[in-house]
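File shown: input.cif. Contents: mmCIF, C-alpha atoms.
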```cif
data_model
loop_
_atom_site.group_PDB
_atom_site.id
_atom_site.type_symbol
_atom_site.label_atom_id
_atom_site.label_comp_id
_atom_site.auth_asym_id
_atom_site.auth_seq_id
_atom_site.Cartn_x
_atom_site.Cartn_y
_atom_site.Cartn_z
ATOM 1 C CA MET L 78 -85.971 -50.969 -2.414
ATOM 2 C CA VAL L 79 -88.181 -48.910 -4.732
ATOM 3 C CA SER L 80 -85.467 -46.389 -5.627
ATOM 4 C CA GLN L 81 -83.176 -49.181 -6.850
ATOM 5 C CA ARG L 82 -85.921 -50.603 -9.079
ATOM 6 C CA ILE L 83 -86.625 -47.163 -10.523
ATOM 7 C CA ALA L 84 -82.935 -46.572 -11.222
ATOM 8 C CA ALA L 85 -82.640 -50.012 -12.843
ATOM 9 C CA ILE L 86 -85.530 -49.243 -15.210
ATOM 10 C CA ILE L 87 -84.017 -45.899 -16.243
ATOM 11 C CA ILE L 88 -80.589 -47.490 -16.815
ATOM 12 C CA PHE L 89 -82.125 -50.405 -18.749
ATOM 13 C CA ALA L 90 -84.020 -48.000 -21.018
ATOM 14 C CA ALA L 91 -80.877 -45.944 -21.682
ATOM 15 C CA ALA L 92 -78.949 -49.094 -22.619
ATOM 16 C CA ILE L 93 -81.745 -50.209 -24.961
ATOM 17 C CA GLU L 94 -81.740 -46.848 -26.733
ATOM 18 C CA HIS L 95 -77.937 -46.775 -27.057
ATOM 19 C CA HIS L 96 -77.577 -50.302 -28.437
ATOM 20 C CA LEU L 97 -80.689 -50.119 -30.611
ATOM 21 C CA GLU L 98 -79.375 -47.110 -32.511
ATOM 22 C CA ARG L 99 -76.057 -48.846 -33.174
ATOM 23 C CA ALA L 100 -77.810 -52.047 -34.264
ATOM 24 C CA LEU L 101 -79.843 -50.058 -36.793
ATOM 25 C CA TRP L 102 -76.664 -48.452 -38.155
ATOM 26 C CA LYS L 103 -75.161 -51.908 -38.611
ATOM 27 C CA LEU L 104 -78.267 -53.331 -40.289
ATOM 28 C CA GLU L 105 -78.507 -50.344 -42.633
ATOM 29 C CA GLY L 106 -74.776 -50.332 -43.352
ATOM 30 C CA ALA L 107 -74.599 -46.737 -42.116
ATOM 31 C CA ASN L 108 -71.361 -45.068 -41.067
ATOM 32 C CA PRO L 109 -72.333 -42.105 -38.875
ATOM 33 C CA THR L 110 -68.812 -40.678 -38.623
ATOM 34 C CA GLY L 111 -68.956 -36.940 -39.285
ATOM 35 C CA ILE L 112 -72.678 -36.855 -40.120
ATOM 36 C CA ARG L 113 -75.962 -36.647 -38.266
ATOM 37 C CA PRO L 114 -77.406 -40.170 -38.545
ATOM 38 C CA GLU L 115 -81.015 -40.716 -39.594
ATOM 39 C CA THR L 116 -81.672 -42.256 -36.192
ATOM 40 C CA ASP L 117 -80.850 -38.995 -34.375
ATOM 41 C CA ALA L 118 -83.808 -37.326 -32.642
ATOM 42 C CA LYS L 119 -86.243 -40.088 -33.636
ATOM 43 C CA MET L 120 -88.722 -41.298 -31.069
ATOM 44 C CA ILE L 121 -87.707 -44.578 -29.483
ATOM 45 C CA SER L 122 -90.974 -46.177 -30.595
ATOM 46 C CA ASP L 123 -90.028 -45.353 -34.202
ATOM 47 C CA LEU L 124 -86.560 -46.866 -33.739
ATOM 48 C CA ILE L 125 -88.054 -50.036 -32.263
ATOM 49 C CA GLY L 126 -90.443 -50.187 -35.226
ATOM 50 C CA CYS L 127 -87.520 -49.814 -37.650
ATOM 51 C CA LEU L 128 -85.823 -52.817 -36.060
ATOM 52 C CA LYS L 129 -89.000 -54.877 -35.903
ATOM 53 C CA HIS L 130 -89.742 -54.302 -39.588
ATOM 54 C CA SER L 131 -86.160 -54.519 -40.814
ATOM 55 C CA PRO L 132 -85.959 -57.331 -43.369
ATOM 56 C CA GLN L 133 -82.405 -58.428 -42.526
ATOM 57 C CA PRO L 134 -82.841 -59.944 -39.043
ATOM 58 C CA CYS L 135 -86.085 -61.650 -40.050
ATOM 59 C CA GLN L 136 -84.562 -63.464 -43.002
ATOM 60 C CA GLN L 137 -83.891 -66.325 -40.635
ATOM 61 C CA GLU L 138 -87.212 -67.629 -39.376
ATOM 62 C CA ARG L 139 -85.617 -68.714 -36.100
ATOM 63 C CA SER L 140 -84.755 -65.126 -35.168
ATOM 64 C CA ALA L 141 -88.207 -63.650 -35.852
ATOM 65 C CA PRO L 142 -89.818 -64.709 -32.522
ATOM 66 C CA LEU L 143 -86.788 -63.466 -30.574
ATOM 67 C CA LEU L 144 -86.860 -60.129 -32.385
ATOM 68 C CA GLU L 145 -90.601 -59.736 -31.808
ATOM 69 C CA THR L 146 -90.223 -60.537 -28.094
ATOM 70 C CA TRP L 147 -87.299 -58.106 -27.757
ATOM 71 C CA CYS L 148 -89.235 -55.297 -29.465
ATOM 72 C CA ASN L 149 -92.290 -55.882 -27.254
ATOM 73 C CA ALA L 150 -90.117 -55.869 -24.115
ATOM 74 C CA ALA L 151 -88.353 -52.690 -25.247
ATOM 75 C CA ARG L 152 -91.703 -50.937 -25.840
ATOM 76 C CA LEU L 153 -92.884 -51.918 -22.354
ATOM 77 C CA ALA L 154 -89.602 -50.802 -20.784
ATOM 78 C CA PHE L 155 -89.926 -47.399 -22.411
ATOM 79 C CA ALA L 156 -93.569 -47.037 -21.410
ATOM 80 C CA ILE L 157 -92.511 -47.573 -17.786
ATOM 81 C CA ARG L 158 -89.498 -45.272 -18.200
ATOM 82 C CA ASN L 159 -91.745 -42.532 -19.602
ATOM 83 C CA ASP L 160 -94.199 -42.911 -16.728
ATOM 84 C CA ILE L 161 -91.312 -42.445 -14.279
ATOM 85 C CA ALA L 162 -89.575 -39.613 -16.153
ATOM 86 C CA HIS L 163 -92.675 -37.646 -17.159
ATOM 87 C CA GLY L 164 -95.286 -38.766 -14.661
ATOM 88 C CA VAL L 165 -96.442 -37.129 -11.477
ATOM 89 C CA PRO L 166 -95.230 -39.089 -8.430
ATOM 90 C CA THR L 167 -98.064 -39.789 -6.013
ATOM 91 C CA ASN L 168 -98.721 -42.016 -3.051
ATOM 92 C CA LEU L 169 -101.751 -44.260 -3.230
ATOM 93 C CA GLY L 170 -101.920 -45.723 0.222
ATOM 94 C CA ASP L 171 -98.470 -47.132 0.845
ATOM 95 C CA THR L 172 -97.614 -47.474 -2.869
ATOM 96 C CA LEU L 173 -95.567 -45.029 -4.925
ATOM 97 C CA THR L 174 -97.056 -44.473 -8.379
ATOM 98 C CA PHE L 175 -96.136 -42.310 -11.344
ATOM 99 C CA MET L 176 -99.127 -41.014 -13.296
ATOM 100 C CA ASN L 177 -98.396 -39.824 -16.820
ATOM 101 C CA ASN L 178 -100.886 -37.541 -18.603
ATOM 102 C CA PRO L 179 -103.507 -37.489 -15.837
ATOM 103 C CA ARG L 180 -106.648 -35.539 -16.587
ATOM 104 C CA TRP L 181 -107.351 -34.101 -13.168
ATOM 105 C CA HIS L 182 -108.909 -30.920 -14.554
ATOM 106 C CA GLY L 183 -110.883 -32.454 -17.436
ATOM 107 C CA GLU L 184 -108.356 -31.348 -20.059
ATOM 108 C CA LYS L 185 -107.699 -33.252 -23.285
ATOM 109 C CA ARG L 186 -104.276 -34.703 -23.991
ATOM 110 C CA LYS L 187 -102.576 -36.062 -27.097
ATOM 111 C CA ARG L 188 -101.431 -39.230 -25.332
ATOM 112 C CA PRO L 189 -103.409 -41.641 -23.156
ATOM 113 C CA VAL L 190 -103.186 -41.813 -19.387
ATOM 114 C CA SER L 191 -100.639 -44.334 -18.162
ATOM 115 C CA ASP L 192 -99.156 -45.163 -14.810
ATOM 116 C CA TYR L 193 -96.428 -47.173 -13.147
ATOM 117 C CA TRP L 194 -96.875 -48.647 -9.695
ATOM 118 C CA ALA L 195 -93.343 -48.674 -8.308
ATOM 119 C CA GLY L 196 -93.814 -50.855 -5.275
ATOM 120 C CA ARG L 197 -96.060 -52.168 -2.590
ATOM 121 C CA SER L 198 -94.388 -50.296 0.221
ATOM 122 C CA LEU L 199 -92.663 -46.948 0.578
ATOM 123 C CA SER L 200 -90.620 -48.110 3.550
#
```
Can you turn what I pasted into structure tokens?
Amino acid sequence: MVSQRIAAIIIFAAAIEHHLERALWKLEGANPTGIRPETDAKMISDLIGCLKHSPQPCQQERSAPLLETWCNAARLAFAIRNDIAHGVPTNLGDTLTFMNNPRWHGEKRKRPVSDYWAGRSLS
């Protein structure tokens, strides 16, 4: 069912964001108790970049490919999440799509057009 897949993507993205922030605290040796951590209010793409370029996990060459794959998957998950959360839901034939930043009136936008095709069938 399309609604279950959409919910799973949103939940997956929330879990990534939650655990990523805590992983960065651990890597940086930060204790956020009673303070506003540096990770607060940062864009998720910036947090993923911080992890990807953090020297500590990459010190072991075996972990570098895993870290790179995880960061790429997290970026894709958030691109899909953003299309769902910020996109305009539309039906194209029998397929539900979410179009983010469409330029239907010829306007210019800061971000590129992106879309998520949620499923082959609305039934």
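Using only C-alpha atoms, the protein and nucleic acid residues lying no more than 9 Å from region 160-167 of chain L, apart from those fewer than 3 places from it along its own chain, are Ile83, Ile86, Ile87, Phe155, Ala156, Ile157, Thr172, Leu173, Thr174, Phe175, Met176, Asn177, Asn178, Pro179, Ser191, Asp192, Tyr193 and Ala195 of chain L.
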Selection file, C-alpha atoms, as an mmCIF file, in the coordinates of the input:
```cif
data_model
loop_
_atom_site.group_PDB
_atom_site.id
_atom_site.type_symbol
_atom_site.label_atom_id
_atom_site.label_comp_id
_atom_site.auth_asym_id
_atom_site.auth_seq_id
_atom_site.Cartn_x
_atom_site.Cartn_y
_atom_site.Cartn_z
ATOM 1 C CA ILE L 83 -86.625 -47.163 -10.523
ATOM 2 C CA ILE L 86 -85.530 -49.243 -15.210
ATOM 3 C CA ILE L 87 -84.017 -45.899 -16.243
ATOM 4 C CA PHE L 155 -89.926 -47.399 -22.411
ATOM 5 C CA ALA L 156 -93.569 -47.037 -21.410
ATOM 6 C CA ILE L 157 -92.511 -47.573 -17.786
ATOM 7 C CA THR L 172 -97.614 -47.474 -2.869
ATOM 8 C CA LEU L 173 -95.567 -45.029 -4.925
ATOM 9 C CA THR L 174 -97.056 -44.473 -8.379
ATOM 10 C CA PHE L 175 -96.136 -42.310 -11.344
ATOM 11 C CA MET L 176 -99.127 -41.014 -13.296
ATOM 12 C CA ASN L 177 -98.396 -39.824 -16.820
ATOM 13 C CA ASN L 178 -100.886 -37.541 -18.603
ATOM 14 C CA PRO L 179 -103.507 -37.489 -15.837
ATOM 15 C CA SER L 191 -100.639 -44.334 -18.162
ATOM 16 C CA ASP L 192 -99.156 -45.163 -14.810
ATOM 17 C CA TYR L 193 -96.428 -47.173 -13.147
ATOM 18 C CA ALA L 195 -93.343 -48.674 -8.308
#
```
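The two atoms in question, CA of Ser80 (chain L) and CA of Gly196 (chain L), are spaced 9.5 Å apart.
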Evaluate the PyMOL selection byres ((chain L and resi 125) around 10) here and jot the selected residues down as a short mmCIF file (atom, residue, chain, number, x, y, z; two decimals) with C-alpha atoms, in the frame of the given file.
```cif
data_model
loop_
_atom_site.label_atom_id
_atom_site.label_comp_id
_atom_site.auth_asym_id
_atom_site.auth_seq_id
_atom_site.Cartn_x
_atom_site.Cartn_y
_atom_site.Cartn_z
CA ILE L 93 -81.74 -50.21 -24.96
CA GLU L 94 -81.74 -46.85 -26.73
CA LEU L 97 -80.69 -50.12 -30.61
CA GLU L 98 -79.38 -47.11 -32.51
CA LEU L 101 -79.84 -50.06 -36.79
CA MET L 120 -88.72 -41.30 -31.07
CA ILE L 121 -87.71 -44.58 -29.48
CA SER L 122 -90.97 -46.18 -30.60
CA ASP L 123 -90.03 -45.35 -34.20
CA LEU L 124 -86.56 -46.87 -33.74
CA GLY L 126 -90.44 -50.19 -35.23
CA CYS L 127 -87.52 -49.81 -37.65
CA LEU L 128 -85.82 -52.82 -36.06
CA LYS L 129 -89.00 -54.88 -35.90
CA HIS L 130 -89.74 -54.30 -39.59
CA SER L 131 -86.16 -54.52 -40.81
CA TRP L 147 -87.30 -58.11 -27.76
CA CYS L 148 -89.24 -55.30 -29.46
CA ASN L 149 -92.29 -55.88 -27.25
CA ALA L 151 -88.35 -52.69 -25.25
CA ARG L 152 -91.70 -50.94 -25.84
#
```
If the box runs along x, y and z of the file and leaves 5 Å on each side of region 178-185 of chain L, what are its centre and edge lengths in Å, one decimal, as AutoDock Vina command-line options?
```
--center_x -105.9 --center_y -34.2 --center_z -18.2 --size_x 20.0 --size_y 16.6 --size_z 20.1
```
